[in-house]
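Undergrad: Structure supplied as run20.cif; contents: mmCIF, C-alpha atoms.
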```
data_model
#
loop_
_atom_site.label_atom_id
_atom_site.label_comp_id
_atom_site.auth_asym_id
_atom_site.auth_seq_id
_atom_site.Cartn_x
_atom_site.Cartn_y
_atom_site.Cartn_z
CA MET A 1 47.67 9.28 35.68
CA GLY A 2 43.96 8.81 34.94
CA ILE A 3 42.60 5.77 33.13
CA ARG A 4 41.81 7.75 29.98
CA LYS A 5 45.37 9.07 29.82
CA LYS A 6 46.80 5.58 30.35
CA ALA A 7 44.49 4.21 27.65
CA GLU A 8 45.62 6.91 25.20
CA LEU A 9 49.32 6.23 25.95
CA LEU A 10 48.88 2.48 25.62
CA ALA A 11 47.16 2.92 22.26
CA GLU A 12 49.97 5.19 21.03
CA TYR A 13 52.66 2.71 22.11
CA LEU A 14 50.79 -0.18 20.53
CA GLU A 15 50.39 1.64 17.25
CA GLY A 16 54.05 2.71 17.35
CA GLY A 17 53.40 6.41 17.32
CA ARG A 18 55.23 7.35 20.54
CA PRO A 19 58.83 7.07 21.68
CA GLY A 20 59.22 5.13 24.93
CA ARG A 21 59.50 7.06 28.21
CA PRO A 22 60.76 5.10 31.24
CA GLU A 23 58.14 6.30 33.75
CA GLU A 24 55.27 5.52 31.38
CA MET A 25 56.79 2.26 30.19
CA ALA A 26 57.14 0.92 33.74
CA GLU A 27 53.39 1.07 34.24
CA LEU A 28 52.31 0.01 30.76
CA PHE A 29 55.02 -2.56 30.08
CA PRO A 30 53.03 -5.62 31.33
CA LEU A 31 50.13 -4.66 29.10
CA LEU A 32 52.35 -4.06 26.07
CA GLU A 33 53.95 -7.46 26.56
CA LEU A 34 50.58 -9.12 26.96
CA ALA A 35 49.42 -7.45 23.75
CA ARG A 36 52.53 -8.79 21.99
CA ALA A 37 51.76 -12.28 23.32
CA LEU A 38 48.21 -12.00 22.05
CA GLU A 39 49.35 -10.94 18.61
CA ALA A 40 51.56 -14.01 18.49
CA VAL A 41 48.68 -16.41 19.12
CA PRO A 42 48.23 -18.57 16.01
CA ARG A 43 45.12 -17.49 14.16
CA PRO A 44 42.50 -20.20 13.82
CA GLU A 45 41.83 -20.52 10.10
CA MET A 46 38.89 -22.03 8.30
CA ARG A 47 39.86 -25.11 6.35
CA PRO A 48 39.41 -24.58 2.59
CA GLU A 49 36.81 -27.35 2.37
CA THR A 50 34.87 -25.79 5.29
CA LEU A 51 34.97 -22.43 3.56
CA ALA A 52 33.68 -23.94 0.31
CA ALA A 53 30.98 -25.93 2.09
CA GLY A 54 29.89 -22.82 3.99
CA LEU A 55 29.61 -20.86 0.77
CA VAL A 56 27.49 -23.58 -0.85
CA ARG A 57 25.29 -23.74 2.24
CA THR A 58 24.85 -19.97 2.26
CA GLN A 59 23.94 -19.84 -1.41
CA GLU A 60 21.52 -22.75 -1.05
CA ARG A 61 19.77 -21.19 1.94
CA LEU A 62 19.66 -17.84 0.20
CA ALA A 63 18.00 -19.44 -2.84
CA VAL A 64 15.47 -21.27 -0.64
CA ARG A 65 14.61 -18.16 1.34
CA GLN A 66 14.16 -16.13 -1.83
CA VAL A 67 11.74 -18.72 -3.19
CA LYS A 68 9.86 -19.38 0.05
CA PRO A 69 8.13 -16.01 0.53
CA CYS A 70 6.90 -16.20 -3.05
CA ARG A 71 5.40 -19.66 -2.50
CA ARG A 72 3.96 -18.59 0.83
CA ALA A 73 2.37 -15.54 -0.76
CA TRP A 74 0.81 -17.72 -3.47
CA ARG A 75 -0.50 -20.18 -0.90
CA ILE A 76 -2.09 -17.37 1.09
CA ALA A 77 -3.57 -15.83 -2.05
CA TRP A 78 -5.03 -19.18 -3.15
CA ALA A 79 -6.48 -19.89 0.29
CA LEU A 80 -8.02 -16.42 0.40
CA ALA A 81 -9.47 -16.78 -3.09
CA ALA A 82 -10.90 -20.22 -2.26
CA PHE A 83 -12.41 -18.88 0.96
CA LEU A 84 -13.98 -15.92 -0.81
CA LEU A 85 -15.31 -18.14 -3.58
CA ALA A 86 -16.81 -20.55 -1.04
CA LEU A 87 -18.31 -17.62 0.82
CA VAL A 88 -19.85 -16.11 -2.31
CA LEU A 89 -21.13 -19.46 -3.62
CA GLY A 90 -22.42 -20.47 -0.20
CA THR A 91 -24.22 -17.17 0.33
CA ALA A 92 -25.65 -17.16 -3.17
CA GLY A 93 -26.76 -20.80 -2.83
CA LEU A 94 -28.40 -20.13 0.50
CA ALA A 95 -30.16 -17.03 -0.79
CA LEU A 96 -31.40 -19.01 -3.80
CA ALA A 97 -32.66 -21.82 -1.60
CA ALA A 98 -34.42 -19.30 0.64
CA GLU A 99 -36.33 -17.67 -2.25
CA GLY A 100 -39.21 -20.14 -2.04
CA SER A 101 -39.45 -20.18 1.74
CA LEU A 102 -42.56 -19.11 3.64
CA PRO A 103 -43.00 -17.29 6.95
CA GLY A 104 -42.17 -19.56 9.88
CA GLU A 105 -39.68 -21.64 7.91
CA PRO A 106 -35.98 -21.63 8.87
CA LEU A 107 -34.79 -19.99 5.62
CA TYR A 108 -37.41 -17.24 5.64
CA PRO A 109 -35.23 -14.70 7.55
CA ILE A 110 -32.55 -15.22 4.86
CA LYS A 111 -35.11 -14.47 2.18
CA ARG A 112 -36.04 -11.18 3.89
CA GLY A 113 -32.36 -10.36 4.52
CA SER A 114 -31.58 -10.97 0.87
CA GLU A 115 -34.43 -8.58 -0.08
CA ARG A 116 -33.01 -5.85 2.17
CA PHE A 117 -29.55 -6.42 0.67
CA ARG A 118 -30.86 -6.10 -2.90
CA LEU A 119 -32.74 -2.96 -1.91
CA ALA A 120 -29.61 -1.46 -0.36
CA LEU A 121 -27.70 -2.10 -3.60
CA ALA A 122 -30.36 -0.46 -5.77
CA THR A 123 -29.31 3.09 -6.59
CA SER A 124 -31.96 4.41 -8.97
CA PRO A 125 -35.54 5.19 -7.74
CA GLU A 126 -36.93 3.14 -10.65
CA THR A 127 -35.04 0.03 -9.54
CA ARG A 128 -36.09 0.56 -5.93
CA SER A 129 -39.74 0.98 -6.96
CA ALA A 130 -39.63 -2.16 -9.10
CA LEU A 131 -38.05 -4.12 -6.27
CA LEU A 132 -40.52 -2.90 -3.66
CA LEU A 133 -43.44 -3.79 -5.93
CA SER A 134 -42.06 -7.29 -6.47
CA PHE A 135 -41.55 -7.72 -2.70
CA ALA A 136 -45.15 -6.59 -2.05
CA GLU A 137 -46.20 -9.19 -4.64
CA ARG A 138 -44.25 -11.80 -2.68
CA ARG A 139 -45.99 -10.86 0.56
CA LEU A 140 -49.32 -11.34 -1.19
CA ASN A 141 -48.28 -14.79 -2.42
CA GLU A 142 -47.16 -15.65 1.11
CA VAL A 143 -50.55 -14.59 2.53
CA ALA A 144 -52.26 -16.76 -0.07
CA ALA A 145 -50.02 -19.72 0.81
CA VAL A 146 -50.01 -19.44 4.60
CA CYS A 147 -53.48 -18.17 5.49
CA SER A 148 -56.40 -20.59 5.76
CA PRO A 149 -60.00 -20.54 7.03
CA ALA A 150 -58.52 -21.16 10.47
CA GLY A 151 -56.90 -17.71 10.45
CA CYS A 152 -54.04 -15.55 9.26
CA PRO A 153 -50.97 -14.40 11.23
CA ASP A 154 -51.27 -10.70 12.10
CA ASP A 155 -47.57 -9.97 11.48
CA LEU A 156 -47.87 -11.37 7.96
CA LEU A 157 -50.81 -9.11 7.22
CA ALA A 158 -48.94 -6.16 8.73
CA ASP A 159 -45.94 -6.99 6.49
CA LEU A 160 -48.22 -6.98 3.46
CA GLY A 161 -49.54 -3.53 4.34
CA ASN A 162 -46.10 -2.12 5.18
CA GLN A 163 -44.50 -3.42 2.01
CA THR A 164 -47.32 -1.98 -0.11
CA GLU A 165 -47.06 1.41 1.58
CA GLU A 166 -43.32 1.45 1.15
CA ALA A 167 -43.73 0.73 -2.56
CA THR A 168 -46.36 3.48 -2.84
CA ASP A 169 -44.10 6.03 -1.14
CA GLU A 170 -41.19 5.15 -3.42
CA ILE A 171 -43.35 5.35 -6.56
CA GLU A 172 -44.59 8.80 -5.55
CA ARG A 173 -40.99 10.01 -5.55
CA LEU A 174 -40.53 9.05 -9.21
CA SER A 175 -40.60 11.57 -12.03
CA GLU A 176 -43.89 11.91 -13.91
CA GLU A 177 -42.51 10.22 -17.02
CA THR A 178 -41.78 6.95 -15.23
CA GLN A 179 -44.41 7.11 -12.49
CA THR A 180 -47.47 6.19 -14.56
CA GLU A 181 -46.37 2.66 -15.37
CA PHE A 182 -45.57 1.91 -11.71
CA LEU A 183 -48.85 3.44 -10.50
CA GLU A 184 -50.79 1.15 -12.83
CA ARG A 185 -48.90 -1.87 -11.56
CA LEU A 186 -49.67 -0.76 -8.01
CA VAL A 187 -53.41 -0.46 -8.78
CA ASP A 188 -53.33 -3.95 -10.25
CA LEU A 189 -51.45 -5.37 -7.26
CA THR A 190 -53.76 -3.81 -4.68
CA ALA A 191 -56.79 -5.09 -6.62
CA ARG A 192 -55.43 -8.63 -6.37
CA GLN A 193 -54.60 -8.10 -2.70
CA GLN A 194 -58.16 -7.10 -2.03
CA GLY A 195 -59.47 -10.16 -3.86
CA VAL A 196 -57.39 -12.53 -1.73
CA LEU A 197 -58.07 -10.69 1.52
CA GLN A 198 -61.80 -10.47 0.83
CA ALA A 199 -61.98 -14.19 0.14
CA LEU A 200 -60.16 -14.91 3.40
CA LEU A 201 -62.35 -12.53 5.33
CA GLU A 202 -65.39 -14.56 4.32
CA GLN A 203 -63.83 -17.81 5.63
CA VAL A 204 -62.09 -16.99 8.88
CA PRO A 205 -63.76 -16.93 12.32
CA ARG A 206 -64.96 -13.59 13.64
CA ALA A 207 -62.01 -13.32 16.01
CA ALA A 208 -59.59 -13.39 13.09
CA ARG A 209 -61.35 -10.73 11.05
CA PRO A 210 -60.00 -7.46 12.52
CA GLY A 211 -56.47 -8.14 11.20
CA LEU A 212 -57.78 -8.93 7.74
CA GLU A 213 -60.05 -5.89 7.77
CA ARG A 214 -57.15 -3.62 8.66
CA ALA A 215 -55.04 -5.11 5.86
CA LEU A 216 -57.92 -4.71 3.44
CA GLU A 217 -58.35 -1.07 4.46
CA ARG A 218 -54.64 -0.31 4.01
CA SER A 219 -54.71 -1.96 0.58
CA ARG A 220 -57.71 0.15 -0.44
CA GLN A 221 -56.00 3.34 0.76
CA GLY A 222 -52.90 2.50 -1.28
CA GLN A 223 -55.00 1.81 -4.32
CA GLU A 224 -56.89 5.07 -3.83
CA ARG A 225 -53.65 7.05 -3.64
CA ALA A 226 -52.48 5.48 -6.90
CA ARG A 227 -55.79 6.04 -8.68
CA GLN A 228 -55.96 9.69 -7.66
CA LYS A 229 -52.49 10.29 -9.05
CA LEU A 230 -53.40 8.60 -12.31
CA GLU A 231 -56.65 10.53 -12.63
CA ARG A 232 -54.92 13.88 -12.01
CA ARG A 233 -52.59 13.11 -14.86
CA GLY A 234 -55.37 12.21 -17.32
CA PRO A 235 -55.39 9.58 -20.09
CA GLN A 236 -53.01 11.53 -22.38
CA SER A 237 -50.15 11.35 -19.84
CA HIS A 238 -49.78 7.61 -20.31
CA PRO A 239 -50.32 6.81 -23.96
CA GLU A 240 -49.11 3.27 -23.54
CA ARG A 241 -50.45 1.27 -20.61
CA PRO A 242 -48.21 -1.43 -19.17
CA SER A 243 -50.88 -4.00 -19.81
CA ASP A 244 -50.59 -3.22 -23.52
CA ARG A 245 -47.00 -4.44 -23.51
CA PRO A 246 -46.19 -8.12 -23.64
CA GLY A 247 -45.34 -9.55 -20.22
CA VAL A 248 -46.35 -6.47 -18.23
CA GLY A 249 -50.05 -7.09 -17.92
CA PRO A 250 -51.92 -7.82 -14.68
CA LYS A 251 -50.68 -10.87 -12.87
CA HIS A 252 -52.72 -13.66 -11.49
CA THR A 253 -52.34 -14.33 -7.80
CA PRO A 254 -53.49 -17.73 -6.62
CA GLY A 255 -56.36 -17.44 -4.21
CA PRO A 256 -56.22 -18.62 -0.64
CA LYS A 257 -55.84 -22.35 0.03
CA HIS A 258 -59.57 -22.90 0.43
CA THR A 259 -62.36 -21.82 -1.81
CA PRO A 260 -64.38 -19.16 -0.09
CA GLY A 261 -67.54 -20.64 1.29
CA PRO A 262 -70.48 -19.00 2.99
CA ALA A 263 -69.52 -16.38 5.51
CA LYS A 264 -69.31 -17.66 9.05
CA PRO A 265 -71.16 -15.91 11.77
CA MET B 1 40.59 -2.99 -3.31
CA THR B 2 38.85 0.37 -2.96
CA GLU B 3 35.66 1.05 -1.07
CA GLU B 4 33.93 1.57 -4.41
CA ASP B 5 34.88 -1.98 -5.46
CA GLU B 6 33.42 -3.38 -2.26
CA SER B 7 30.26 -1.32 -2.68
CA ARG B 8 29.85 -2.67 -6.19
CA TRP B 9 30.19 -6.30 -5.04
CA VAL B 10 27.77 -5.63 -2.20
CA GLU B 11 25.27 -4.06 -4.60
CA LEU B 12 25.51 -7.05 -6.95
CA ALA B 13 25.12 -9.49 -4.05
CA GLY B 14 22.00 -7.61 -3.04
CA GLN B 15 20.61 -8.30 -6.51
CA GLY B 16 21.22 -12.04 -5.98
CA ASP B 17 24.41 -12.27 -8.05
CA ALA B 18 26.00 -15.60 -7.07
CA GLU B 19 29.51 -14.50 -8.06
CA ALA B 20 29.29 -11.43 -5.85
CA VAL B 21 28.01 -13.49 -2.92
CA ALA B 22 30.95 -15.88 -3.40
CA TRP B 23 33.42 -12.99 -3.59
CA LEU B 24 32.18 -11.46 -0.35
CA TYR B 25 32.06 -14.83 1.37
CA ARG B 26 35.61 -15.79 0.42
CA ARG B 27 36.90 -12.39 1.43
CA TYR B 28 35.19 -11.98 4.80
CA ALA B 29 34.13 -15.44 6.04
CA PRO B 30 37.57 -16.27 7.56
CA ALA B 31 37.50 -13.10 9.70
CA VAL B 32 33.91 -13.73 10.78
CA TYR B 33 34.77 -17.36 11.57
CA ARG B 34 37.74 -16.37 13.77
CA TYR B 35 35.68 -13.81 15.58
CA LEU B 36 32.91 -16.35 16.23
CA TYR B 37 35.41 -19.02 17.21
CA TYR B 38 36.70 -16.79 19.99
CA ARG B 39 33.25 -15.70 21.05
CA LEU B 40 31.67 -19.19 21.03
CA GLY B 41 34.60 -21.50 21.75
CA ASP B 42 33.12 -24.15 19.48
CA ILE B 43 34.54 -24.88 16.02
CA ASP B 44 31.36 -26.49 14.64
CA ALA B 45 29.10 -23.78 16.00
CA ALA B 46 31.41 -21.08 14.63
CA GLU B 47 31.39 -22.66 11.15
CA GLU B 48 27.62 -23.04 11.14
CA MET B 49 27.08 -19.53 12.43
CA THR B 50 29.46 -18.00 9.90
CA SER B 51 27.17 -18.93 7.03
CA GLU B 52 24.15 -17.87 9.11
CA VAL B 53 25.72 -14.44 9.61
CA PHE B 54 26.27 -14.07 5.87
CA LEU B 55 22.75 -15.14 5.15
CA ARG B 56 21.33 -12.53 7.52
CA ALA B 57 23.66 -9.86 6.20
CA LEU B 58 22.72 -10.56 2.58
CA GLU B 59 19.01 -10.57 3.39
CA ALA B 60 19.35 -7.28 5.21
CA LEU B 61 21.50 -5.60 2.58
CA PRO B 62 19.06 -2.74 1.89
CA ARG B 63 19.31 -1.64 5.51
CA TYR B 64 23.10 -1.89 5.40
CA GLN B 65 23.31 0.26 2.29
CA GLU B 66 21.20 2.93 3.91
CA ARG B 67 23.61 3.19 6.83
CA GLY B 68 26.74 3.27 4.65
CA ARG B 69 29.07 1.35 7.01
CA PRO B 70 31.89 -0.97 5.85
CA PHE B 71 30.57 -4.41 5.00
CA LEU B 72 32.90 -6.15 7.46
CA ALA B 73 31.64 -3.89 10.26
CA TRP B 74 28.11 -4.95 9.33
CA LEU B 75 29.13 -8.61 9.48
CA TYR B 76 30.81 -8.20 12.87
CA ARG B 77 27.71 -6.45 14.19
CA ILE B 78 25.50 -9.36 13.13
CA ALA B 79 28.02 -11.91 14.38
CA GLY B 80 28.16 -10.16 17.77
CA ALA B 81 24.37 -10.27 18.11
CA ARG B 82 24.26 -13.93 17.04
CA ALA B 83 27.00 -14.82 19.56
CA ARG B 84 25.00 -13.17 22.35
CA ASP B 85 21.92 -15.18 21.32
CA TYR B 86 23.99 -18.35 21.28
CA HIS B 87 25.26 -17.78 24.81
CA ARG B 88 21.78 -16.95 26.02
CA ARG B 89 20.42 -20.17 24.54
CA HIS B 90 23.22 -22.42 25.73
CA ARG B 91 23.91 -20.64 29.03
CA ARG B 92 27.42 -21.91 28.65
CA HIS B 93 29.26 -22.62 31.84
CA VAL B 94 32.42 -20.54 31.91
CA GLN B 95 35.49 -22.59 32.64
CA THR B 96 36.95 -21.36 35.89
CA THR B 97 40.39 -22.89 35.62
CA PHE B 98 42.98 -22.14 32.98
CA PRO B 99 44.69 -24.87 31.09
CA GLN B 100 48.29 -25.69 31.89
CA ALA B 101 49.78 -23.42 29.24
CA MET B 102 47.73 -20.45 30.45
CA SER B 103 48.56 -21.08 34.07
CA SER B 104 52.20 -21.03 33.19
CA LEU B 105 51.84 -17.37 32.26
CA SER B 106 53.12 -15.55 35.29
CA PRO B 107 52.79 -11.79 35.90
CA SER B 108 56.42 -11.49 34.87
CA PRO B 109 56.49 -9.61 31.57
CA GLU B 110 59.41 -11.60 30.24
CA GLU B 111 57.74 -14.90 30.94
CA MET B 112 54.49 -13.56 29.58
CA ALA B 113 56.13 -12.63 26.32
CA GLU B 114 57.84 -15.98 26.07
CA ALA B 115 54.71 -17.98 26.75
CA HIS B 116 53.10 -19.40 23.65
CA LEU B 117 49.37 -19.22 23.85
CA THR B 118 47.29 -21.40 21.57
CA ALA B 119 44.05 -20.23 20.04
CA GLY B 120 42.06 -22.53 22.34
CA GLU B 121 43.79 -21.19 25.42
CA LEU B 122 43.17 -17.61 24.42
CA GLN B 123 39.54 -18.46 23.78
CA ARG B 124 39.15 -19.93 27.26
CA ALA B 125 40.78 -16.87 28.81
CA LEU B 126 38.54 -14.54 26.82
CA ALA B 127 35.48 -16.30 28.19
CA HIS B 128 36.18 -14.55 31.51
CA LEU B 129 35.95 -11.08 29.97
CA THR B 130 32.84 -9.06 29.16
CA PRO B 131 31.49 -9.33 25.58
CA LEU B 132 32.79 -5.84 24.73
CA GLN B 133 36.24 -6.63 26.09
CA GLN B 134 36.27 -9.90 24.14
CA GLN B 135 35.31 -8.04 21.00
CA VAL B 136 38.02 -5.43 21.32
CA ILE B 137 40.74 -8.02 22.05
CA VAL B 138 39.78 -10.16 19.06
CA LEU B 139 39.48 -7.27 16.64
CA ARG B 140 42.65 -5.51 17.80
CA PHE B 141 45.07 -8.37 18.43
CA VAL B 142 43.73 -11.34 16.47
CA GLU B 143 42.41 -9.51 13.45
CA GLY B 144 44.96 -6.73 13.73
CA LEU B 145 42.51 -3.88 13.11
CA SER B 146 43.48 -0.35 14.12
CA CYS B 147 41.64 1.45 16.91
CA SER B 148 39.83 3.62 14.39
CA LYS B 149 38.64 0.58 12.42
CA VAL B 150 37.53 -1.17 15.62
CA ALA B 151 35.64 1.99 16.58
CA GLN B 152 33.84 1.85 13.24
CA VAL B 153 32.99 -1.83 13.69
CA MET B 154 31.75 -1.41 17.25
CA GLY B 155 29.94 1.83 16.57
CA ARG B 156 31.84 3.70 19.28
CA SER B 157 34.26 6.59 19.43
CA GLU B 158 37.96 5.94 19.04
CA GLY B 159 38.57 7.21 22.60
CA ALA B 160 36.01 4.76 23.98
CA VAL B 161 37.72 1.91 22.12
CA ARG B 162 41.10 2.89 23.58
CA VAL B 163 39.70 2.83 27.09
CA LEU B 164 38.01 -0.51 26.38
CA GLN B 165 41.29 -1.87 25.06
CA TYR B 166 43.13 -0.75 28.19
CA ARG B 167 40.52 -2.25 30.51
CA ALA B 168 40.41 -5.51 28.53
CA LEU B 169 44.19 -5.96 28.66
CA GLU B 170 44.25 -5.04 32.33
CA ALA B 171 41.50 -7.56 33.11
CA LEU B 172 43.29 -10.26 31.15
CA ARG B 173 46.58 -9.50 32.89
CA ARG B 174 44.89 -9.76 36.31
CA LEU B 175 43.31 -13.06 35.36
CA LEU B 176 46.64 -14.44 34.27
CA ALA B 177 48.31 -13.17 37.42
CA GLU B 178 45.67 -14.88 39.57
CA ALA B 179 46.05 -18.07 37.60
CA GLY B 180 49.84 -17.89 37.98
CA SER B 181 49.73 -17.30 41.74
CA GLY B 182 47.16 -20.08 42.13
CA LYS B 183 49.51 -22.45 40.40
CA GLU B 184 52.39 -21.40 42.63
CA GLY B 185 50.18 -22.01 45.68
CA GLU B 186 49.41 -25.52 44.45
CA GLN B 187 53.13 -26.25 44.09
#
```
What is this file in structure tokens?
TA:
Amino acid sequence: MGIRKKAELLAEYLEGGRPGRPEEMAELFPLLELARALEAVPRPEMRPETLAAGLVRTQERLAVRQVKPCRRAWRIAWALAAFLLALVLGTAGLALAAEGSLPGEPLYPIKRGSERFRLALATSPETRSALLLSFAERRLNEVAAVCSPAGCPDDLLADLGNQTEEATDEIERLSEETQTEFLERLVDLTARQQGVLQALLEQVPRAARPGLERALERSRQGQERARQKLERRGPQSHPERPSDRPGVGPKHTPGPKHTPGPAKP
Amino acid sequence: MTEEDESRWVELAGQGDAEAVAWLYRRYAPAVYRYLYYRLGDIDAAEEMTSEVFLRALEALPRYQERGRPFLAWLYRIAGARARDYHRRHRRHVQTTFPQAMSSLSPSPEEMAEAHLTAGELQRALAHLTPLQQQVIVLRFVEGLSCSKVAQVMGRSEGAVRVLQYRALEALRRLLAEAGSGKEGEQ
């Protein structure tokens, strides 16, 4: 008899569904008796107080575990919010502190990074043009603050020219209705650039002149582009000049650190 | 009690109803405790683990409902897994000698039937069997479940449970026979 058959017979005897046959019983009898002995083993029972204590413990733990994830979630949310707030405030504070920095100072790269970020966020061409003009204005102020009769860093002059060209390109993409105002601001800006650069050119040694001359030339070209556009449009295309409006008139850029003296050889 | 009644209590317990949790605990904790007592051989550990099993079962109720098995089967499943973890952690040394009362069980069927095993003695004997054999002995002969119910609890076919039952009893009989002959040799 195979093991499966024996197992089936044993199960049938144990569950009382089969009349006893001597040949089968002889083989299965020890197991049937053992099963009877096992069934007679006293069942270990939980004491009533243990049962009650276990129930209380289960309900307490269940309550704690139901509360815990909620508290944990709040803690994580608060920590995340605090971190984000610190990040935003820290970044904003740093960007604000960097606004007045000059080339060569530790915060200057943050100032330029902040400018690129603002430009990336600007969606309309008008906003981009206004931003680029204000950045070109900043470069001019930086030239006036950093350059001296001893010389002027070439990269700073190159930045001035690049920023002005970028602003000019962006303004040229504007519609005719909005372009006029920006072109006039550009003419004004380049005029002030030329004033500062010309003053510097008269002070610096000969070796430092080529950079200034290039910057001056680029500024003149930008101004020329703007003037030509304005002239093509004629006086009737811009009935109201920006300088006629309060607060939009030509700005004053401080001159270089030293008053221009007689030109050096 | 019908299956629908049990399902209703289980559903309420899943919603955090304290009365439903208490009902399920009072109804099933004794069976879970006995099962763990035989698997662990430690009263304190079995008591502690009984509430742990309920806690896990109640937390995992959504998964249980999806599978649609009897709640007791779910509890035994969790208890079985917890018992395996317990043994893995404690690496419990299996007692190699039977107590006096067990050793007195000879292979003779008459004597075997007359012998009165205690719960502790049965537990020590079960420690020599495989976890599946232990499970089938406890569910069939201590809890008195039918083969079909045991099959449901263990997630196996009824035929497989019958074979397991046969092998478990055979292994236990052999162990007792060896213990009996060892005792005779000592005398």
Undergrad: Excluding same-chain residues fewer than 5 positions from segment 160-173 of chain A, what lies within 7 Å of it counting all atoms listed in the file, as number ranges by chain?
TA: A: 129, 132-133, 136, 139-140, 179, 182, 215, 218-219, 222
Undergrad: One decimal, in Å: what's the spacing between atom CA of Thr178 of chain A and atom CA of Val143 of chain A?
TA: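 Value for the atom CA of Thr178 of chain A-atom CA of Val143 of chain A distance: 29.3 Å.
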Undergrad: Name all residues at most 7 Å from Glu45 of chain A (count only C-alpha atoms; drop same-chain ones fewer than 2 positions away) and give them as a list in words.
TA: Arg43 and Arg47 of chain A; Pro30 and Arg34 of chain B
Undergrad: Expand the PyMOL selection byres ((chain B) within 9 of (chain A)) into the explicit residue set it covers here, and present it as a PyMOL selection string.
TA: chain B and resi 16+18+21-22+25-26+29-31+33-34+37+47-48+50-52+54-55+58-59+107-110+112-120+122+137+140-144+146-147+159-160+162-167+169-170+172-173
Undergrad: Write out the residues from the selection above, keeping C-alpha atoms, as a JSON list (two decimals), in the frame of the given file.
TA:
```json
[["chain", "number", "residue", "atom", "x", "y", "z"],
["B", 16, "GLY", "CA", 21.22, -12.04, -5.98],
["B", 18, "ALA", "CA", 26.00, -15.60, -7.07],
["B", 21, "VAL", "CA", 28.01, -13.49, -2.92],
["B", 22, "ALA", "CA", 30.95, -15.88, -3.40],
["B", 25, "TYR", "CA", 32.06, -14.83, 1.37],
["B", 26, "ARG", "CA", 35.61, -15.79, 0.42],
["B", 29, "ALA", "CA", 34.13, -15.44, 6.04],
["B", 30, "PRO", "CA", 37.57, -16.27, 7.56],
["B", 31, "ALA", "CA", 37.50, -13.10, 9.70],
["B", 33, "TYR", "CA", 34.77, -17.36, 11.57],
["B", 34, "ARG", "CA", 37.74, -16.37, 13.77],
["B", 37, "TYR", "CA", 35.41, -19.02, 17.21],
["B", 47, "GLU", "CA", 31.39, -22.66, 11.15],
["B", 48, "GLU", "CA", 27.62, -23.04, 11.14],
["B", 50, "THR", "CA", 29.46, -18.00, 9.90],
["B", 51, "SER", "CA", 27.17, -18.93, 7.03],
["B", 52, "GLU", "CA", 24.15, -17.87, 9.11],
["B", 54, "PHE", "CA", 26.27, -14.07, 5.87],
["B", 55, "LEU", "CA", 22.75, -15.14, 5.15],
["B", 58, "LEU", "CA", 22.72, -10.56, 2.58],
["B", 59, "GLU", "CA", 19.01, -10.57, 3.39],
["B", 107, "PRO", "CA", 52.79, -11.79, 35.90],
["B", 108, "SER", "CA", 56.42, -11.49, 34.87],
["B", 109, "PRO", "CA", 56.49, -9.61, 31.57],
["B", 110, "GLU", "CA", 59.41, -11.60, 30.24],
["B", 112, "MET", "CA", 54.49, -13.56, 29.58],
["B", 113, "ALA", "CA", 56.13, -12.63, 26.32],
["B", 114, "GLU", "CA", 57.84, -15.98, 26.07],
["B", 115, "ALA", "CA", 54.71, -17.98, 26.75],
["B", 116, "HIS", "CA", 53.10, -19.40, 23.65],
["B", 117, "LEU", "CA", 49.37, -19.22, 23.85],
["B", 118, "THR", "CA", 47.29, -21.40, 21.57],
["B", 119, "ALA", "CA", 44.05, -20.23, 20.04],
["B", 120, "GLY", "CA", 42.06, -22.53, 22.34],
["B", 122, "LEU", "CA", 43.17, -17.61, 24.42],
["B", 137, "ILE", "CA", 40.74, -8.02, 22.05],
["B", 140, "ARG", "CA", 42.65, -5.51, 17.80],
["B", 141, "PHE", "CA", 45.07, -8.37, 18.43],
["B", 142, "VAL", "CA", 43.73, -11.34, 16.47],
["B", 143, "GLU", "CA", 42.41, -9.51, 13.45],
["B", 144, "GLY", "CA", 44.96, -6.73, 13.73],
["B", 146, "SER", "CA", 43.48, -0.35, 14.12],
["B", 147, "CYS", "CA", 41.64, 1.45, 16.91],
["B", 159, "GLY", "CA", 38.57, 7.21, 22.60],
["B", 160, "ALA", "CA", 36.01, 4.76, 23.98],
["B", 162, "ARG", "CA", 41.10, 2.89, 23.58],
["B", 163, "VAL", "CA", 39.70, 2.83, 27.09],
["B", 164, "LEU", "CA", 38.01, -0.51, 26.38],
["B", 165, "GLN", "CA", 41.29, -1.87, 25.06],
["B", 166, "TYR", "CA", 43.13, -0.75, 28.19],
["B", 167, "ARG", "CA", 40.52, -2.25, 30.51],
["B", 169, "LEU", "CA", 44.19, -5.96, 28.66],
["B", 170, "GLU", "CA", 44.25, -5.04, 32.33],
["B", 172, "LEU", "CA", 43.29, -10.26, 31.15],
["B", 173, "ARG", "CA", 46.58, -9.50, 32.89]]
```
Undergrad: Using all atoms listed in the file for the distances, tell me which of A:Leu197, A:Leu174, A:Leu230, A:Ala208 is nearest to Ser124 of chain A.
TA: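 Answer, going by the shortest atom-to-atom distance: A:Leu174.
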Undergrad: Could you state the separation of atom CA of Leu89 of chain A and atom CA of Phe117 of chain A in Å, given to one decimal place?
TA: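 So the two atoms, atom CA of Leu89 of chain A and atom CA of Phe117 of chain A, lie 16.1 Å apart.
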